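coords_38.pdb (PDB, C-alpha atoms)
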ATOM      1  CA  MET A1004      84.692 -43.337  -4.674
ATOM      2  CA  ALA A1005      87.483 -40.818  -4.741
ATOM      3  CA  GLY A1006      87.777 -38.626  -7.801
ATOM      4  CA  GLU A1007      86.642 -41.041 -10.485
ATOM      5  CA  LEU A1008      84.961 -38.450 -12.696
ATOM      6  CA  PRO A1009      87.269 -36.449 -14.981
ATOM      7  CA  LEU A1010      87.199 -32.694 -14.426
ATOM      8  CA  ALA A1011      87.221 -31.436 -18.035
ATOM      9  CA  PRO A1012      83.745 -32.712 -19.030
ATOM     10  CA  LEU A1013      82.385 -31.573 -15.658
ATOM     11  CA  LYS A1014      83.671 -28.076 -16.324
ATOM     12  CA  ARG A1015      82.162 -28.110 -19.816
ATOM     13  CA  LEU A1016      78.780 -29.035 -18.363
ATOM     14  CA  MET A1017      79.046 -26.213 -15.822
ATOM     15  CA  LYS A1018      79.800 -23.714 -18.574
ATOM     16  CA  GLN A1019      76.979 -25.041 -20.731
ATOM     17  CA  ALA A1020      74.706 -24.267 -17.773
ATOM     18  CA  GLY A1021      75.743 -20.629 -17.922
ATOM     19  CA  ALA A1022      78.913 -20.362 -15.842
ATOM     20  CA  GLU A1023      81.266 -17.776 -17.292
ATOM     21  CA  ARG A1024      84.286 -19.060 -15.376
ATOM     22  CA  VAL A1025      84.788 -21.897 -12.935
ATOM     23  CA  SER A1026      87.736 -22.146 -10.548
ATOM     24  CA  ASP A1027      89.599 -25.417 -10.095
ATOM     25  CA  ASP A1028      88.241 -25.836  -6.581
ATOM     26  CA  GLY A1029      84.758 -25.128  -7.933
ATOM     27  CA  VAL A1030      84.984 -28.037 -10.376
ATOM     28  CA  GLU A1031      86.449 -30.303  -7.704
ATOM     29  CA  ALA A1032      83.610 -29.401  -5.330
ATOM     30  CA  MET A1033      81.127 -30.247  -8.069
ATOM     31  CA  ARG A1034      82.839 -33.610  -8.581
ATOM     32  CA  ASP A1035      82.636 -34.418  -4.871
ATOM     33  CA  VAL A1036      78.968 -33.451  -4.620
ATOM     34  CA  ILE A1037      78.067 -35.349  -7.777
ATOM     35  CA  GLU A1038      79.987 -38.494  -6.846
ATOM     36  CA  ALA A1039      78.128 -38.603  -3.542
ATOM     37  CA  GLU A1040      74.859 -38.214  -5.449
ATOM     38  CA  ILE A1041      75.812 -41.067  -7.797
ATOM     39  CA  ALA A1042      76.582 -43.310  -4.814
ATOM     40  CA  GLU A1043      73.229 -42.538  -3.214
ATOM     41  CA  LEU A1044      71.280 -43.037  -6.440
ATOM     42  CA  SER A1045      73.154 -46.264  -7.181
ATOM     43  CA  GLU A1046      72.341 -47.742  -3.784
ATOM     44  CA  GLU A1047      68.676 -46.933  -4.280
ATOM     45  CA  ALA A1048      68.700 -48.297  -7.850
ATOM     46  CA  ASN A1049      70.334 -51.463  -6.546
ATOM     47  CA  ARG A1050      67.507 -51.881  -4.043
ATOM     48  CA  PHE A1051      64.987 -51.588  -6.868
ATOM     49  CA  ALA A1052      66.870 -54.173  -8.951
ATOM     50  CA  GLN A1053      67.053 -56.628  -6.058
ATOM     51  CA  HIS A1054      63.389 -56.094  -5.323
ATOM     52  CA  ALA A1055      62.667 -57.080  -8.926
ATOM     53  CA  GLY A1056      64.761 -60.238  -8.478
ATOM     54  CA  ARG A1057      67.708 -59.025 -10.519
ATOM     55  CA  LYS A1058      71.414 -58.555  -9.854
ATOM     56  CA  THR A1059      71.766 -56.183 -12.789
ATOM     57  CA  ILE A1060      70.859 -52.521 -12.481
ATOM     58  CA  LYS A1061      68.855 -51.493 -15.536
ATOM     59  CA  LYS A1062      67.591 -48.177 -16.811
ATOM     60  CA  GLU A1063      64.226 -48.663 -15.100
ATOM     61  CA  ASP A1064      65.963 -49.041 -11.717
ATOM     62  CA  VAL A1065      67.880 -45.794 -12.118
ATOM     63  CA  LEU A1066      64.722 -43.966 -13.170
ATOM     64  CA  ALA A1067      62.753 -45.451 -10.270
ATOM     65  CA  ALA A1068      65.482 -44.362  -7.845
ATOM     66  CA  HIS A1069      65.637 -40.856  -9.259
TER      67      HIS A1069
ATOM     68  CA  MET B 226      74.605 -31.057 -22.332
ATOM     69  CA  ALA B 227      74.444 -34.269 -24.294
ATOM     70  CA  GLY B 228      76.553 -37.144 -23.066
ATOM     71  CA  GLU B 229      79.608 -35.278 -21.834
ATOM     72  CA  LEU B 230      80.423 -37.633 -18.964
ATOM     73  CA  PRO B 231      82.304 -40.814 -19.878
ATOM     74  CA  LEU B 232      80.512 -44.040 -19.018
ATOM     75  CA  ALA B 233      83.401 -46.127 -17.620
ATOM     76  CA  PRO B 234      84.028 -44.046 -14.465
ATOM     77  CA  LEU B 235      80.276 -43.741 -13.931
ATOM     78  CA  LYS B 236      79.973 -47.522 -14.009
ATOM     79  CA  ARG B 237      82.891 -47.884 -11.588
ATOM     80  CA  LEU B 238      81.172 -45.520  -9.158
ATOM     81  CA  MET B 239      77.936 -47.504  -9.422
ATOM     82  CA  LYS B 240      79.783 -50.728  -8.656
ATOM     83  CA  GLN B 241      81.634 -49.122  -5.760
ATOM     84  CA  ALA B 242      78.184 -48.311  -4.359
ATOM     85  CA  GLY B 243      77.316 -51.994  -4.330
ATOM     86  CA  ALA B 244      75.959 -52.765  -7.788
ATOM     87  CA  GLU B 245      76.887 -56.275  -8.855
ATOM     88  CA  ARG B 246      76.193 -55.633 -12.540
ATOM     89  CA  VAL B 247      74.999 -52.614 -14.468
ATOM     90  CA  SER B 248      73.485 -52.777 -17.945
ATOM     91  CA  ASP B 249      74.569 -50.326 -20.636
ATOM     92  CA  ASP B 250      71.204 -48.580 -20.550
ATOM     93  CA  GLY B 251      71.501 -48.391 -16.763
ATOM     94  CA  VAL B 252      74.773 -46.460 -16.992
ATOM     95  CA  GLU B 253      73.380 -44.233 -19.722
ATOM     96  CA  ALA B 254      70.316 -43.467 -17.600
ATOM     97  CA  MET B 255      72.614 -42.562 -14.706
ATOM     98  CA  ARG B 256      74.564 -40.235 -16.986
ATOM     99  CA  ASP B 257      71.384 -38.477 -18.126
ATOM    100  CA  VAL B 258      70.078 -38.046 -14.585
ATOM    101  CA  ILE B 259      73.438 -36.836 -13.301
ATOM    102  CA  GLU B 260      74.052 -34.402 -16.147
ATOM    103  CA  ALA B 261      70.653 -32.818 -15.456
ATOM    104  CA  GLU B 262      71.616 -32.562 -11.789
ATOM    105  CA  ILE B 263      74.932 -30.911 -12.695
ATOM    106  CA  ALA B 264      73.106 -28.374 -14.872
ATOM    107  CA  GLU B 265      70.695 -27.535 -12.068
ATOM    108  CA  LEU B 266      73.429 -27.238  -9.443
ATOM    109  CA  SER B 267      75.572 -25.153 -11.775
ATOM    110  CA  GLU B 268      72.784 -22.665 -12.425
ATOM    111  CA  GLU B 269      72.230 -22.284  -8.708
ATOM    112  CA  ALA B 270      75.973 -21.982  -7.997
ATOM    113  CA  ASN B 271      76.180 -19.333 -10.714
ATOM    114  CA  ARG B 272      73.457 -17.341  -8.985
ATOM    115  CA  PHE B 273      75.430 -17.494  -5.742
ATOM    116  CA  ALA B 274      78.606 -16.331  -7.510
ATOM    117  CA  GLN B 275      76.825 -13.419  -9.174
ATOM    118  CA  HIS B 276      75.214 -12.473  -5.900
ATOM    119  CA  ALA B 277      78.712 -12.268  -4.412
ATOM    120  CA  GLY B 278      79.788 -10.004  -7.268
ATOM    121  CA  ARG B 279      81.859 -12.643  -9.067
ATOM    122  CA  LYS B 280      81.828 -14.126 -12.553
ATOM    123  CA  THR B 281      83.805 -17.149 -11.387
ATOM    124  CA  ILE B 282      82.100 -20.078  -9.694
ATOM    125  CA  LYS B 283      84.153 -21.110  -6.676
ATOM    126  CA  LYS B 284      83.931 -24.017  -4.271
ATOM    127  CA  GLU B 285      81.834 -22.003  -1.816
ATOM    128  CA  ASP B 286      79.206 -21.373  -4.527
ATOM    129  CA  VAL B 287      78.869 -25.057  -5.327
ATOM    130  CA  LEU B 288      78.578 -25.916  -1.644
ATOM    131  CA  ALA B 289      76.014 -23.157  -1.092
ATOM    132  CA  ALA B 290      73.970 -24.444  -4.027
ATOM    133  CA  HIS B 291      74.112 -28.028  -2.832
TER     134      HIS B 291
END

Let's see the structure in the file written out as structure tokens.
Amino acid sequence: MAGELPLAPLKRLMKQAGAERVSDDGVEAMRDVIEAEIAELSEEANRFAQHAGRKTIKKEDVLAAH
Amino acid sequence: MAGELPLAPLKRLMKQAGAERVSDDGVEAMRDVIEAEIAELSEEANRFAQHAGRKTIKKEDVLAAH
């Protein structure tokens, strides 16, 4: 779980949210925070899938975990 | 803010968190949820940057917003 997400689209999203400028370490911090959030959400979604008797995480599991 | 993040690294992160399989709509749902989270965090980080008299979002702003 180390630096999977590419930085360019992350930076675009940050600017779309109103950021005028974002430093490199600002984008990297966002990546770290967001990757941790994805891990947490994925674990919870996986619990929902297993509870429903599935090994595949579906949309409904992600939304339930959110 | 529509579908900036690529799906392949998102899916890898979900599997690294323990998912055995993830459906396409499961990855897309994760992208939607996460992009909304990035927007929210970015707005908050931007407020911290402005409060510090800067137009550039730095690491400390993202961490403060988190």

**Report entry** Residue nearest A:Ser1045 - candidates A:Met1033, A:Val1025, A:Ala1020, A:Ala1067, atoms counted: only C-alpha atoms
**Finding:**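 For A:Ser1045, the nearest of the given residues is A:Ala1067.
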
Where does chain A end up after superposition onto chain B over all in-order Cα pairs? Give it as a compact mmCIF listing (two decimals) with C-alpha atoms, in the coordinates of the input.
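And here's selection_5.txt as it stands now:
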# COMPACT_ATOMS: atom_id res chain seq x y z
CA MET A 1004 74.64 -31.05 -22.37
CA ALA A 1005 74.42 -34.29 -24.27
CA GLY A 1006 76.55 -37.16 -23.05
CA GLU A 1007 79.60 -35.28 -21.83
CA LEU A 1008 80.42 -37.63 -18.96
CA PRO A 1009 82.31 -40.81 -19.88
CA LEU A 1010 80.52 -44.04 -19.01
CA ALA A 1011 83.41 -46.12 -17.63
CA PRO A 1012 84.04 -44.05 -14.47
CA LEU A 1013 80.28 -43.75 -13.93
CA LYS A 1014 79.98 -47.52 -14.01
CA ARG A 1015 82.89 -47.88 -11.59
CA LEU A 1016 81.17 -45.53 -9.16
CA MET A 1017 77.94 -47.51 -9.43
CA LYS A 1018 79.78 -50.74 -8.66
CA GLN A 1019 81.63 -49.14 -5.76
CA ALA A 1020 78.19 -48.31 -4.36
CA GLY A 1021 77.30 -51.99 -4.33
CA ALA A 1022 75.95 -52.77 -7.80
CA GLU A 1023 76.89 -56.28 -8.86
CA ARG A 1024 76.18 -55.64 -12.54
CA VAL A 1025 75.00 -52.62 -14.46
CA SER A 1026 73.49 -52.77 -17.95
CA ASP A 1027 74.57 -50.32 -20.64
CA ASP A 1028 71.20 -48.58 -20.55
CA GLY A 1029 71.49 -48.39 -16.76
CA VAL A 1030 74.77 -46.47 -16.99
CA GLU A 1031 73.38 -44.22 -19.72
CA ALA A 1032 70.31 -43.46 -17.59
CA MET A 1033 72.61 -42.57 -14.71
CA ARG A 1034 74.56 -40.23 -16.99
CA ASP A 1035 71.39 -38.48 -18.12
CA VAL A 1036 70.08 -38.05 -14.58
CA ILE A 1037 73.44 -36.84 -13.30
CA GLU A 1038 74.04 -34.40 -16.15
CA ALA A 1039 70.66 -32.82 -15.46
CA GLU A 1040 71.61 -32.56 -11.78
CA ILE A 1041 74.93 -30.91 -12.69
CA ALA A 1042 73.11 -28.37 -14.87
CA GLU A 1043 70.69 -27.52 -12.07
CA LEU A 1044 73.43 -27.24 -9.44
CA SER A 1045 75.58 -25.15 -11.78
CA GLU A 1046 72.79 -22.66 -12.43
CA GLU A 1047 72.23 -22.28 -8.70
CA ALA A 1048 75.97 -21.97 -8.01
CA ASN A 1049 76.18 -19.32 -10.71
CA ARG A 1050 73.44 -17.34 -8.97
CA PHE A 1051 75.43 -17.49 -5.74
CA ALA A 1052 78.60 -16.32 -7.51
CA GLN A 1053 76.81 -13.41 -9.18
CA HIS A 1054 75.20 -12.47 -5.89
CA ALA A 1055 78.70 -12.26 -4.41
CA GLY A 1056 79.78 -10.00 -7.28
CA ARG A 1057 81.85 -12.62 -9.06
CA LYS A 1058 81.84 -14.12 -12.55
CA THR A 1059 83.80 -17.15 -11.38
CA ILE A 1060 82.10 -20.07 -9.69
CA LYS A 1061 84.15 -21.12 -6.67
CA LYS A 1062 83.94 -24.02 -4.28
CA GLU A 1063 81.84 -22.00 -1.82
CA ASP A 1064 79.22 -21.37 -4.53
CA VAL A 1065 78.88 -25.06 -5.33
CA LEU A 1066 78.58 -25.92 -1.64
CA ALA A 1067 76.02 -23.16 -1.09
CA ALA A 1068 73.98 -24.45 -4.04
CA HIS A 1069 74.12 -28.04 -2.85

Requested in this report: Write down, as an NGL selection string, each residue of chain A that has any atom within 7 Å of an atom of chain B, counting only C-alpha atoms.
Outcome: :A and (1004 or 1007-1008 or 1012 or 1016-1017 or 1019-1026 or 1028-1029 or 1032-1033 or 1041-1042 or 1045-1046 or 1049 or 1058-1062 or 1065)

For stretch 240-245 of chain B, I'd like the enclosing box, axis-aligned and padded by 4 Å on every side, reported as AutoDock Vina command-line options with centre and edge lengths in Å to one decimal.
--center_x 78.8 --center_y -52.3 --center_z -6.6 --size_x 13.7 --size_y 16.0 --size_z 12.5
